[in-house]
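Note: the block below is structure.tsv and it holds TSV, C-alpha atoms.
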chain	number	residue	atom	x	y	z
S	286	MET	CA	-42.51	-0.80	-20.32
S	287	ASN	CA	-41.54	-3.85	-18.29
S	288	VAL	CA	-39.05	-3.63	-15.41
S	289	THR	CA	-37.35	-6.83	-14.21
S	290	TYR	CA	-34.99	-6.97	-11.28
S	291	LEU	CA	-32.04	-9.20	-12.17
S	292	ASN	CA	-31.46	-10.87	-8.86
S	293	ASP	CA	-27.93	-12.20	-9.23
S	294	ASN	CA	-24.78	-11.65	-11.26
S	295	LYS	CA	-25.27	-14.77	-13.34
S	296	THR	CA	-28.75	-13.63	-14.36
S	297	VAL	CA	-27.39	-10.23	-15.42
S	298	LYS	CA	-24.58	-11.86	-17.37
S	299	ASN	CA	-26.91	-14.24	-19.18
S	300	ALA	CA	-29.33	-11.42	-20.01
S	301	ILE	CA	-26.60	-9.27	-21.57
S	302	LEU	CA	-25.15	-12.22	-23.49
S	303	ARG	CA	-28.60	-13.14	-24.83
S	304	LEU	CA	-29.45	-9.56	-25.80
S	305	THR	CA	-26.03	-9.04	-27.43
S	306	GLU	CA	-26.61	-11.97	-29.74
S	307	LYS	CA	-30.27	-11.16	-30.42
S	308	SER	CA	-29.98	-7.40	-31.02
S	309	SER	CA	-29.55	-5.62	-34.33
S	310	SER	CA	-27.61	-2.75	-32.75
S	311	MET	CA	-26.23	-1.80	-29.33
S	312	ALA	CA	-24.93	1.22	-27.41
S	313	TRP	CA	-22.98	0.74	-24.17
S	314	SER	CA	-21.32	3.09	-21.73
S	315	VAL	CA	-19.38	1.63	-18.79
S	316	ALA	CA	-16.92	2.97	-16.26
S	317	TRP	CA	-14.55	-0.02	-16.39
S	318	ALA	CA	-13.93	-3.16	-18.43
S	319	THR	CA	-11.78	-6.23	-17.91
S	320	GLU	CA	-11.52	-9.54	-19.74
S	321	ASN	CA	-14.63	-11.73	-19.37
S	322	ASP	CA	-17.25	-13.63	-21.40
S	323	ILE	CA	-19.32	-10.52	-22.12
S	324	VAL	CA	-16.26	-8.70	-23.52
S	325	ASP	CA	-15.64	-11.72	-25.74
S	326	SER	CA	-19.23	-11.56	-26.98
S	327	ALA	CA	-19.07	-7.79	-27.44
S	328	TYR	CA	-15.96	-8.16	-29.56
S	329	LYS	CA	-17.53	-10.95	-31.60
S	330	PHE	CA	-20.53	-8.71	-32.36
S	331	ARG	CA	-18.59	-5.42	-32.40
S	332	ASP	CA	-20.11	-4.38	-35.73
S	333	LYS	CA	-23.47	-4.03	-33.97
S	334	PHE	CA	-22.25	-1.13	-31.82
S	335	SER	CA	-23.33	2.39	-32.66
S	336	HIS	CA	-21.53	3.63	-29.54
S	337	LEU	CA	-19.19	1.87	-27.11
S	338	VAL	CA	-17.62	4.01	-24.38
S	339	VAL	CA	-15.28	2.66	-21.71
S	340	GLY	CA	-13.87	4.66	-18.81
S	341	THR	CA	-10.33	4.39	-17.45
S	342	HIS	CA	-10.41	6.25	-14.13
S	343	GLY	CA	-8.33	4.52	-11.48
S	344	TYR	CA	-6.65	2.41	-14.18
S	345	ILE	CA	-9.03	-0.45	-13.44
S	346	THR	CA	-9.90	-1.04	-17.09
S	347	SER	CA	-7.61	-3.67	-18.56
S	348	PRO	CA	-5.23	-2.49	-21.31
S	349	ALA	CA	-5.93	-5.80	-23.06
S	350	VAL	CA	-9.61	-4.84	-23.50
S	351	LEU	CA	-8.72	-1.45	-24.93
S	352	GLU	CA	-6.27	-3.09	-27.29
S	353	ARG	CA	-8.90	-5.52	-28.61
S	354	PHE	CA	-11.29	-2.71	-29.60
S	355	LEU	CA	-8.62	-0.28	-30.82
S	356	ASP	CA	-9.69	-0.50	-34.48
S	357	THR	CA	-13.44	-0.60	-33.81
S	358	PRO	CA	-14.95	2.65	-35.24
S	359	SER	CA	-17.71	2.83	-32.61
S	360	PHE	CA	-15.22	2.52	-29.72
S	361	LYS	CA	-14.05	5.47	-27.63
S	362	VAL	CA	-12.40	5.92	-24.23
S	363	ASN	CA	-13.03	8.35	-21.42
S	364	ALA	CA	-9.61	9.49	-20.18
S	365	PRO	CA	-8.53	8.80	-16.57
S	366	SER	CA	-8.60	12.50	-15.63
S	367	GLY	CA	-11.38	14.99	-14.92
S	368	PRO	CA	-14.73	14.11	-13.29
S	369	LEU	CA	-15.13	10.43	-12.45
S	370	PHE	CA	-16.72	8.58	-15.38
S	371	HIS	CA	-19.08	6.08	-13.74
S	372	PRO	CA	-22.05	4.99	-15.94
S	373	LYS	CA	-23.21	1.39	-16.49
S	374	ILE	CA	-25.64	1.47	-19.39
S	375	TYR	CA	-26.26	-1.37	-21.86
S	376	THR	CA	-28.91	-0.70	-24.55
S	377	PHE	CA	-30.14	-3.10	-27.24
S	378	ASP	CA	-32.27	-2.50	-30.33
S	379	LEU	CA	-34.22	-5.73	-30.85
S	380	GLY	CA	-36.23	-4.61	-33.88
S	381	ASP	CA	-39.76	-4.97	-32.57
S	382	GLU	CA	-38.78	-3.82	-29.07
S	383	PHE	CA	-35.98	-2.13	-27.13
S	384	ALA	CA	-34.10	-3.29	-24.03
S	385	ALA	CA	-31.66	-1.80	-21.55
S	386	VAL	CA	-29.73	-3.12	-18.57
S	387	ILE	CA	-28.86	-0.42	-16.07
S	388	GLY	CA	-27.55	-0.59	-12.53
S	389	SER	CA	-24.20	-1.15	-10.90
S	390	HIS	CA	-22.66	-3.78	-13.19
S	391	ASN	CA	-19.52	-2.60	-14.94
S	392	LEU	CA	-18.09	-4.61	-17.81
S	393	THR	CA	-15.67	-6.43	-15.52
S	394	ALA	CA	-15.11	-10.04	-14.60
S	395	SER	CA	-15.71	-9.40	-10.91
S	396	ALA	CA	-18.97	-7.51	-11.54
S	397	PHE	CA	-20.50	-10.62	-13.07
S	398	SER	CA	-19.05	-13.06	-10.55
S	399	SER	CA	-17.87	-12.16	-7.05
S	400	ASN	CA	-19.09	-8.59	-6.54
S	401	ILE	CA	-22.33	-7.63	-4.81
S	402	GLU	CA	-24.19	-5.73	-7.54
S	403	ALA	CA	-27.71	-4.73	-8.53
S	404	SER	CA	-29.22	-4.07	-11.98
S	405	VAL	CA	-32.59	-4.04	-13.70
S	406	LEU	CA	-33.72	-5.00	-17.22
S	407	LEU	CA	-36.03	-2.58	-19.00
S	408	THR	CA	-37.98	-3.75	-22.06
S	409	GLY	CA	-40.57	-2.02	-24.17
S	410	SER	CA	-41.18	0.14	-27.25
S	411	ARG	CA	-38.22	1.99	-28.77
S	412	ASN	CA	-40.39	5.15	-28.66
S	413	GLU	CA	-40.61	5.21	-24.88
S	414	GLN	CA	-38.94	8.27	-23.41
S	415	VAL	CA	-36.63	6.37	-21.06
S	416	PHE	CA	-35.00	4.51	-23.96
S	417	GLN	CA	-34.62	7.69	-25.99
S	418	GLU	CA	-32.96	9.38	-23.01
S	419	LEU	CA	-30.65	6.43	-22.35
S	420	CYS	CA	-29.53	6.34	-25.97
S	421	ALA	CA	-29.05	10.11	-25.99
S	422	SER	CA	-26.97	9.86	-22.81
S	423	VAL	CA	-24.67	7.19	-24.28
S	424	ALA	CA	-24.36	9.17	-27.51
S	425	MET	CA	-23.40	12.32	-25.61
S	426	GLN	CA	-20.81	10.43	-23.55
S	427	TRP	CA	-19.43	8.96	-26.77
S	428	GLU	CA	-19.15	12.42	-28.34
S	429	ASN	CA	-17.18	13.66	-25.31
S	430	ALA	CA	-14.90	10.61	-25.25
S	431	SER	CA	-11.69	10.13	-27.24
S	432	VAL	CA	-10.46	7.87	-30.00
S	433	ILE	CA	-7.23	6.27	-28.83
S	434	ASP	CA	-4.24	4.86	-30.69
S	435	GLU	CA	-1.21	2.70	-29.96
S	436	GLY	CA	0.67	5.68	-28.54
S	437	TRP	CA	-2.07	6.47	-26.03
S	438	LEU	CA	-2.34	2.80	-25.09
S	439	TYR	CA	1.43	2.62	-24.49
S	440	VAL	CA	1.15	5.46	-21.96
S	441	TYR	CA	-1.92	3.89	-20.34
S	442	LYS	CA	-0.07	0.60	-19.85
S	443	ALA	CA	2.83	2.44	-18.22
S	444	ASN	CA	0.46	4.19	-15.82
S	445	CYS	CA	-1.25	0.89	-14.98
S	446	ARG	CA	2.13	-0.50	-13.94
S	447	ARG	CA	2.79	2.61	-11.89
S	448	VAL	CA	-0.39	2.39	-9.82
S	449	LEU	CA	-0.56	-1.40	-9.41
S	450	PRO	CA	1.05	-1.42	-5.92
S	451	SER	CA	-1.44	1.20	-4.77
S	452	GLN	CA	-4.38	-0.80	-6.12
S	453	VAL	CA	-3.18	-3.87	-4.22
S	454	GLU	CA	-2.79	-1.79	-1.06
S	455	LEU	CA	-6.30	-0.36	-1.40
S	456	GLN	CA	-7.74	-3.87	-1.17
S	457	ARG	CA	-6.20	-4.51	2.27
S	458	TRP	CA	-7.94	-3.85	5.55
S	459	VAL	CA	-5.48	-3.09	8.35
S	460	PRO	CA	-7.05	-3.18	11.84
S	461	ILE	CA	-5.58	-0.88	14.47
S	462	LYS	CA	-6.31	-0.35	18.14
S	463	LYS	CA	-6.87	2.92	19.91
S	464	THR	CA	-4.20	4.05	22.33
S	465	SER	CA	-4.61	3.14	25.98
S	466	LEU	CA	-2.53	6.12	27.07
S	467	ASP	CA	-4.23	9.05	28.78
S	468	ILE	CA	-2.96	11.65	26.33
S	469	GLU	CA	-4.66	14.32	24.28
S	470	LEU	CA	-3.69	12.83	20.93
S	471	SER	CA	-3.20	9.18	20.10
S	472	ALA	CA	-0.39	8.01	17.85
S	473	GLN	CA	-2.87	7.83	14.98
S	474	ASP	CA	-4.15	11.36	15.55
S	475	MET	CA	-0.86	13.22	16.01
S	476	ASP	CA	0.00	15.48	13.12
S	477	TRP	CA	3.59	16.23	12.14
S	478	SER	CA	3.94	19.35	14.29
S	479	VAL	CA	2.79	17.54	17.43
S	480	PHE	CA	5.06	14.58	16.67
S	481	VAL	CA	8.09	16.87	16.23
S	482	ALA	CA	7.27	18.73	19.43
S	483	GLN	CA	7.10	15.48	21.37
S	484	VAL	CA	10.36	14.20	19.87
S	485	LYS	CA	12.07	17.47	20.79
S	486	GLY	CA	10.59	17.21	24.27
S	487	ASP	CA	12.74	14.17	25.13
S	488	THR	CA	14.24	14.99	28.52
S	489	THR	CA	16.63	12.03	28.67
S	490	HIS	CA	18.58	12.26	25.41
S	491	ASP	CA	19.20	15.35	23.34
S	492	LEU	CA	17.84	15.54	19.79
S	493	GLN	CA	21.15	16.21	18.06
S	494	GLY	CA	22.68	13.21	19.80
S	495	ARG	CA	19.88	10.98	18.58
S	496	LEU	CA	20.17	12.24	15.03
S	497	ARG	CA	23.94	11.74	15.16
S	498	VAL	CA	23.48	8.07	16.08
S	499	LEU	CA	21.04	7.34	13.25
S	500	GLU	CA	23.09	9.16	10.63
S	501	ALA	CA	26.35	7.61	11.77
S	502	VAL	CA	24.88	4.10	11.57
S	503	VAL	CA	23.69	4.71	8.01
S	504	LYS	CA	27.25	5.66	7.04
S	505	LEU	CA	28.61	2.52	8.71
S	506	LEU	CA	26.16	0.25	6.91
S	507	ARG	CA	27.22	1.71	3.58
S	508	LYS	CA	30.93	1.17	4.23
S	509	ALA	CA	30.84	-2.49	3.22
S	510	ASP	CA	28.75	-4.77	1.04
S	511	THR	CA	27.26	-6.57	4.05
S	512	PHE	CA	26.98	-6.26	7.81
S	513	GLY	CA	29.30	-9.26	8.20
S	514	ALA	CA	32.02	-7.62	6.08
S	515	LEU	CA	32.34	-4.72	8.54
S	516	ASP	CA	34.98	-4.87	11.25
S	517	VAL	CA	33.81	-6.13	14.61
S	518	ASP	CA	33.68	-2.71	16.30
S	519	ASP	CA	31.46	-1.33	13.53
S	520	ARG	CA	29.16	-4.31	13.90
S	521	LYS	CA	28.95	-3.61	17.64
S	522	ARG	CA	28.13	0.03	16.96
S	523	ILE	CA	25.25	-0.89	14.65
S	524	ALA	CA	23.96	-3.68	16.88
S	525	GLY	CA	23.97	-1.56	20.05
S	526	THR	CA	26.52	-3.77	21.78
S	527	ALA	CA	29.46	-1.33	21.72
S	528	GLY	CA	30.78	-0.55	25.17
S	529	LYS	CA	31.61	2.75	26.85
S	530	THR	CA	35.19	2.76	25.54
S	531	ILE	CA	34.05	2.85	21.92
S	532	ALA	CA	31.31	5.38	22.68
S	533	ASP	CA	33.71	7.73	24.45
S	534	ARG	CA	36.24	7.48	21.65
S	535	ASP	CA	33.61	8.14	18.97
S	536	LYS	CA	31.70	10.74	20.99
S	537	VAL	CA	28.56	8.87	19.88
S	538	ASP	CA	26.37	6.96	22.31
S	539	TRP	CA	25.69	3.89	20.20
S	540	ALA	CA	23.44	2.42	22.89
S	541	TRP	CA	20.69	4.94	22.18
S	542	PHE	CA	17.72	3.42	20.32
S	543	GLY	CA	18.29	0.12	22.09
S	544	ALA	CA	21.20	-0.96	24.29
S	545	MET	CA	21.81	-4.63	23.54
S	546	SER	CA	25.04	-5.33	25.47
S	547	SER	CA	23.19	-7.35	28.10
S	548	SER	CA	21.96	-9.81	25.46
S	549	GLY	CA	24.86	-12.26	25.62
S	550	SER	CA	23.78	-14.55	22.79
S	551	PHE	CA	23.18	-11.61	20.45
S	552	ALA	CA	26.46	-9.92	21.40
S	553	ASN	CA	28.36	-13.16	20.72
S	554	VAL	CA	26.68	-13.63	17.33
S	555	VAL	CA	27.58	-10.06	16.38
S	556	ILE	CA	31.23	-10.82	17.15
S	557	GLU	CA	31.66	-14.43	16.11
S	558	ARG	CA	28.90	-15.36	13.61
S	559	PRO	CA	27.61	-12.22	11.89
S	560	GLU	CA	26.81	-13.93	8.57
S	561	GLY	CA	23.25	-14.83	9.59
S	562	LEU	CA	22.57	-11.27	10.69
S	563	SER	CA	23.97	-10.09	7.35
S	564	ASP	CA	21.61	-12.41	5.49
S	565	ALA	CA	18.69	-11.10	7.52
S	566	LEU	CA	19.55	-7.43	6.99
S	567	GLU	CA	19.96	-8.01	3.25
S	568	CYS	CA	16.21	-8.73	3.13
S	569	ILE	CA	15.50	-5.10	4.00
S	570	PRO	CA	16.18	-2.59	1.19
S	571	PHE	CA	18.25	0.51	1.94
S	572	ALA	CA	15.66	2.77	0.33
S	573	GLY	CA	12.12	2.70	-1.01
S	574	PRO	CA	9.15	0.68	0.26
S	575	VAL	CA	9.61	-2.21	2.69
S	576	SER	CA	7.02	-4.94	2.23
S	577	GLN	CA	5.64	-7.43	4.69
S	578	GLU	CA	7.34	-10.13	2.62
S	579	ASP	CA	10.68	-8.36	3.09
S	580	TYR	CA	10.07	-8.28	6.82
S	581	GLU	CA	9.03	-11.92	7.06
S	582	ARG	CA	12.17	-13.00	5.22
S	583	PHE	CA	14.19	-10.94	7.69
S	584	VAL	CA	12.51	-12.62	10.66
S	585	ASP	CA	13.09	-16.12	9.28
S	586	LYS	CA	16.79	-15.50	8.67
S	587	PHE	CA	17.29	-13.58	11.90
S	588	LEU	CA	15.76	-16.29	14.08
S	589	ALA	CA	17.66	-19.02	12.19
S	590	THR	CA	20.90	-17.32	13.25
S	591	PHE	CA	20.21	-18.31	16.85
S	592	VAL	CA	19.37	-21.98	16.32
S	593	ASP	CA	22.51	-23.14	18.11
S	594	ALA	CA	22.70	-20.23	20.56
S	595	SER	CA	21.83	-20.49	24.25
S	596	ARG	CA	19.08	-17.89	23.78
S	597	SER	CA	17.02	-16.98	20.75
S	598	GLY	CA	17.03	-13.59	19.10
S	599	GLY	CA	14.09	-11.55	20.30
S	600	ILE	CA	11.98	-8.48	19.68
S	601	ALA	CA	14.56	-6.08	21.10
S	602	THR	CA	17.62	-7.31	19.20
S	603	GLY	CA	15.74	-7.88	15.96
S	604	THR	CA	14.08	-4.46	15.95
S	605	ARG	CA	17.36	-2.78	16.92
S	606	LEU	CA	18.90	-3.98	13.65
S	607	LEU	CA	15.77	-3.07	11.68
S	608	ALA	CA	15.59	0.43	13.16
S	609	MET	CA	19.24	1.05	12.41
S	610	LYS	CA	18.97	0.04	8.76
S	611	ARG	CA	15.59	1.69	8.15
S	612	PRO	CA	14.80	4.19	10.92
S	613	ASP	CA	12.06	5.61	8.73
S	614	GLN	CA	10.22	2.27	8.87
S	615	PHE	CA	11.02	0.59	12.20
S	616	VAL	CA	11.35	1.42	15.88
S	617	CYS	CA	13.42	-0.64	18.28
S	618	VAL	CA	11.13	-1.98	21.02
S	619	ASP	CA	13.03	-2.82	24.20
S	620	GLY	CA	12.69	-2.52	27.96
S	621	PRO	CA	12.73	1.27	28.43
S	622	ASN	CA	10.18	2.06	25.71
S	623	LYS	CA	8.13	-1.11	25.37
S	624	ARG	CA	5.39	-0.13	27.80
S	625	GLY	CA	4.87	3.28	26.15
S	626	ILE	CA	4.99	2.11	22.55
S	627	CYS	CA	2.66	-0.82	23.18
S	628	ALA	CA	0.23	1.39	25.05
S	629	HIS	CA	0.35	4.01	22.29
S	630	PHE	CA	-0.72	1.40	19.74
S	631	GLY	CA	-3.13	-0.42	22.04
S	632	GLN	CA	-1.06	-3.60	22.21
S	633	ALA	CA	-0.28	-5.98	25.05
S	634	ARG	CA	3.44	-5.72	25.73
S	635	THR	CA	3.57	-9.24	27.16
S	636	THR	CA	2.60	-10.80	23.84
S	637	LEU	CA	4.56	-8.59	21.43
S	638	LYS	CA	7.20	-10.55	19.54
S	639	LEU	CA	9.01	-10.45	16.21
S	640	GLU	CA	6.39	-12.64	14.59
S	641	ASN	CA	3.58	-10.11	15.25
S	642	TYR	CA	5.60	-6.85	15.38
S	643	TRP	CA	4.73	-6.04	11.75
S	644	GLU	CA	0.96	-6.18	12.22
S	645	ARG	CA	0.91	-4.71	15.72
S	646	ILE	CA	3.47	-1.90	15.40
S	647	VAL	CA	4.65	-1.33	11.82
S	648	GLU	CA	1.23	-1.36	10.14
S	649	PRO	CA	-0.30	1.06	12.69
S	650	ILE	CA	2.71	3.38	12.34
S	651	ARG	CA	2.11	3.52	8.59
S	652	GLN	CA	-1.44	4.77	9.16
S	653	THR	CA	-0.47	7.72	11.34
S	654	ARG	CA	-0.71	11.27	10.10
S	655	TRP	CA	2.84	12.10	11.19
S	656	TRP	CA	4.39	9.11	9.39
S	657	LEU	CA	2.50	9.92	6.19
S	658	GLU	CA	3.65	13.56	6.24
S	659	PRO	CA	5.66	14.54	3.12
S	660	ARG	CA	9.37	15.13	3.73
S	661	PRO	CA	9.69	18.64	5.24
S	662	LEU	CA	11.83	21.49	3.92
S	663	ASP	CA	13.23	22.47	7.33
S	664	ARG	CA	16.65	20.81	7.75
S	665	THR	CA	16.16	19.60	11.32
S	666	GLU	CA	12.65	18.36	10.67
S	667	ARG	CA	13.90	16.63	7.53
S	668	ARG	CA	16.49	14.75	9.60
S	669	ILE	CA	13.78	13.74	12.08
S	670	TRP	CA	11.56	12.62	9.21
S	671	ASP	CA	14.30	10.39	7.83
S	672	GLY	CA	14.28	8.51	11.13
S	673	ARG	CA	10.71	9.18	12.19
S	674	ALA	CA	9.69	5.63	13.12
S	675	ALA	CA	12.82	5.08	15.22
S	676	MET	CA	12.19	8.47	16.85
S	677	LEU	CA	9.18	7.06	18.68
S	678	ASP	CA	11.83	6.01	21.18
S	679	ALA	CA	12.35	9.70	22.02
S	680	ILE	CA	8.68	9.98	22.98
S	681	HIS	CA	8.37	6.76	24.96
S	682	TYR	CA	11.82	6.19	26.48
S	683	ASP	CA	11.49	5.74	30.25
S	684	PRO	CA	14.88	5.33	31.98
S	685	SER	CA	13.21	4.15	35.18
S	686	THR	CA	12.34	0.84	33.51
S	687	ARG	CA	15.93	-0.10	32.72

Encoded form using structure tokens:
Amino acid sequence: MNVTYLNDNKTVKNAILRLTEKSSSMAWSVAWATENDIVDSAYKFRDKFSHLVVGTHGYITSPAVLERFLDTPSFKVNAPSGPLFHPKIYTFDLGDEFAAVIGSHNLTASAFSSNIEASVLLTGSRNEQVFQELCASVAMQWENASVIDEGWLYVYKANCRRVLPSQVELQRWVPIKKTSLDIELSAQDMDWSVFVAQVKGDTTHDLQGRLRVLEAVVKLLRKADTFGALDVDDRKRIAGTAGKTIADRDKVDWAWFGAMSSSGSFANVVIERPEGLSDALECIPFAGPVSQEDYERFVDKFLATFVDASRSGGIATGTRLLAMKRPDQFVCVDGPNKRGICAHFGQARTTLKLENYWERIVEPIRQTRWWLEPRPLDRTERRIWDGRAAMLDAIHYDPSTR
């Protein structure tokens, strides 16, 4: 038997294409398949297959490939449940000899182009034990696989749509920095119980008062179609610019989670030109995932609101609005908590701004154990969970820095 290392993806591709055309029969078993030249060739010579098995774990296999081979008698599918189906075996009966390509190459476009892969070509007599074992292995996998129909394919397509956002997310690398605080557990390491204990340990503001603010703001935001359509006092409440008179009357301290009354330009925009703030807040959905694209649209519209103002909108005012609309996703970063929050996520507070807040604060929050905790059953903890990102203020609020 001859063993040849196929030293690049193009060489592997060309070998399989050549053997597909030259062979009298074939048996393949692969974990995944997507549209590519080898699939085209396999379909062209589909009558040569004694066994063709394709896996579907992780929904990486393209529905279009499954659909092409649906009526091919030798074609079966390994369902996307149970033990991971992960072989990459291509065997070819060449008449006077036998060949097999084995290694890491799946039947995917990326495997034969951009991926870093490794495979070998085996050639020799059909009677050699390795070829008999390879063929037996593919045959056994084929026996254990399933014939699929249009109904199964319909369900598979629906599941592919369902997991697509997760597949995109799995391809991203999100760098984070270790906390610079001298504490036992960093923000990334805290579990839910530790997070709740620290939130409840706030010695400046009481927990029920904090929850009352967040829940009252949600009700205000849902009173009208847009932020700008609310009356001016409601806009002040949401923006953190309401004065003591309104707070005393409401028995709600609207300045918690970011007091913005001292920001004159912002306070004036809230009163006189709220339309731009409305446009910005409309970029952030009331429920469900918030994407980086949503956030970037918010930033663009928020900053544009202050083009003619004496001072631009900043990190504090922008994140106050974000934290009020989606306290599960955003924390207001302002004077009293900025040092603590930046230290907890290993960021320099002097360089934090709206333009980098997503990558420096939001992304690291989303990787923490406490933020990823499923919604609790306990009523109080459930209320904290609904505003868990904003509740970082309870941990890091330092009144001495006001």

Test item: which residues lie within 12 Å of (-35.5, -7.7, -30.5) counting all atoms listed in the file, as a ChimeraX atom specification: /S:303-311,376-385,408-411

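Going from atom CA of Asn363 of chain S to atom CA of Cys420 of chain S covers 17.2 Å.
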
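For the residues S:Trp643, S:Tyr682, S:Phe583, S:Phe360, ranking by smallest atom-to-atom distance to Val459 of chain S using all atoms listed in the file places S:Trp643 first.
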
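Distance annotation: of S:Asp476, S:Asp491, S:Asp678, S:Glu435, the residue with the minimal separation from Cys617 of chain S is S:Asp678; atom set is all atoms listed in the file.
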
Nearest to Pro365 of chain S, chosen from S:Ala552, S:Val339, S:Ile301, S:Leu506, with all atoms listed in the file counted in the distances: S:Val339

Name the residues in contact with Thr602 of chain S at a cut-off of 9 Å, using all atoms listed in the file, excluding same-chain residues fewer than 3 positions from it; report them as a JSON list (two decimals) with C-alpha atoms, in the coordinates of the input.
[["chain", "number", "residue", "atom", "x", "y", "z"],
["S", 524, "ALA", "CA", 23.96, -3.68, 16.88],
["S", 525, "GLY", "CA", 23.97, -1.56, 20.05],
["S", 543, "GLY", "CA", 18.29, 0.12, 22.09],
["S", 544, "ALA", "CA", 21.20, -0.96, 24.29],
["S", 545, "MET", "CA", 21.81, -4.63, 23.54],
["S", 548, "SER", "CA", 21.96, -9.81, 25.46],
["S", 551, "PHE", "CA", 23.18, -11.61, 20.45],
["S", 598, "GLY", "CA", 17.03, -13.59, 19.10],
["S", 599, "GLY", "CA", 14.09, -11.55, 20.30],
["S", 605, "ARG", "CA", 17.36, -2.78, 16.92],
["S", 606, "LEU", "CA", 18.90, -3.98, 13.65],
["S", 607, "LEU", "CA", 15.77, -3.07, 11.68],
["S", 617, "CYS", "CA", 13.42, -0.64, 18.28],
["S", 618, "VAL", "CA", 11.13, -1.98, 21.02],
["S", 619, "ASP", "CA", 13.03, -2.82, 24.20]]

What gap, in Å, lies between atom CA of Ile626 of chain S and atom CA of Phe512 of chain S?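 These atoms are spaced 27.8 Å apart.
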
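Distance check against Ser563 of chain S using only C-alpha atoms: of S:Thr511, S:Asn292, S:Thr526, S:Ser550, the minimum falls on S:Thr511.
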
Counting all atoms listed in the file, which residue out of S:Thr604, S:Ser478, S:Ser326, S:Ser389 sits closest to Leu291 of chain S?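 Among the listed residues, the smallest separation from Leu291 of chain S belongs to S:Ser389.
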
Write out as JSON, numbers by chain which residues come within 6 Å of segment 341-352 of chain S when counting only C-alpha atoms, dropping same-chain ones fewer than 6 positions away. {"S": [317, 318, 319, 364, 365, 445]}

Between atom CA of Ile531 of chain S and atom CA of Arg495 of chain S, what is the spacing in Å?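 Interatomic distance here is 16.7 Å.
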
Write out as a ChimeraX atom specification which residues come within 12 Å of Met475 of chain S when counting all atoms listed in the file, dropping same-chain ones fewer than 4 positions away. /S:464,468-471,479-484,629,650,652-658

Could you check which residues have any atom within 9 Å of (-13.5, -10.4, -19.1), counting all atoms listed in the file with coordinates taken straight from the file, and then list them as an MDAnalysis selection string? chainID S and resid 318:325 347 350 392:395

Could the residues in this selection be saved with C-alpha atoms as a short mmCIF file (atom, residue, chain, number, x, y, z; two decimals), in the frame of the given file?
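Once written, part.cif looks like this:
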data_model
loop_
_atom_site.label_atom_id
_atom_site.label_comp_id
_atom_site.auth_asym_id
_atom_site.auth_seq_id
_atom_site.Cartn_x
_atom_site.Cartn_y
_atom_site.Cartn_z
CA ALA S 318 -13.93 -3.16 -18.43
CA THR S 319 -11.78 -6.23 -17.91
CA GLU S 320 -11.52 -9.54 -19.74
CA ASN S 321 -14.63 -11.73 -19.37
CA ASP S 322 -17.25 -13.63 -21.40
CA ILE S 323 -19.32 -10.52 -22.12
CA VAL S 324 -16.26 -8.70 -23.52
CA ASP S 325 -15.64 -11.72 -25.74
CA SER S 347 -7.61 -3.67 -18.56
CA VAL S 350 -9.61 -4.84 -23.50
CA LEU S 392 -18.09 -4.61 -17.81
CA THR S 393 -15.67 -6.43 -15.52
CA ALA S 394 -15.11 -10.04 -14.60
CA SER S 395 -15.71 -9.40 -10.91
#

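Nearest residue to Gly340 of chain S among S:Asp434, S:Asp510, S:Leu369, S:Thr590 is S:Leu369, counting all atoms listed in the file.
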
Using all atoms listed in the file, which residues sit within 8 Å of Ala527 of chain S once same-chain residues fewer than 6 positions away are excluded, as an NGL selection string? :S and (518 or 521 or 539-540 or 546)

For the residues selected in the previous step, produce a file with C-alpha atoms as an mmCIF file, in the frame of the given file.
data_model
loop_
_atom_site.group_PDB
_atom_site.id
_atom_site.type_symbol
_atom_site.label_atom_id
_atom_site.label_comp_id
_atom_site.auth_asym_id
_atom_site.auth_seq_id
_atom_site.Cartn_x
_atom_site.Cartn_y
_atom_site.Cartn_z
ATOM 1 C CA ASP S 518 33.680 -2.710 16.300
ATOM 2 C CA LYS S 521 28.950 -3.610 17.640
ATOM 3 C CA TRP S 539 25.690 3.890 20.200
ATOM 4 C CA ALA S 540 23.440 2.420 22.890
ATOM 5 C CA SER S 546 25.040 -5.330 25.470
#

Give me the residues near His490 of chain S as a PyMOL selection string, where near means some atom within 9 Å (using all atoms listed in the file) and where sequence neighbours in that chain fewer than 3 positions away do not count. chain S and resi 487+493-495+541+679
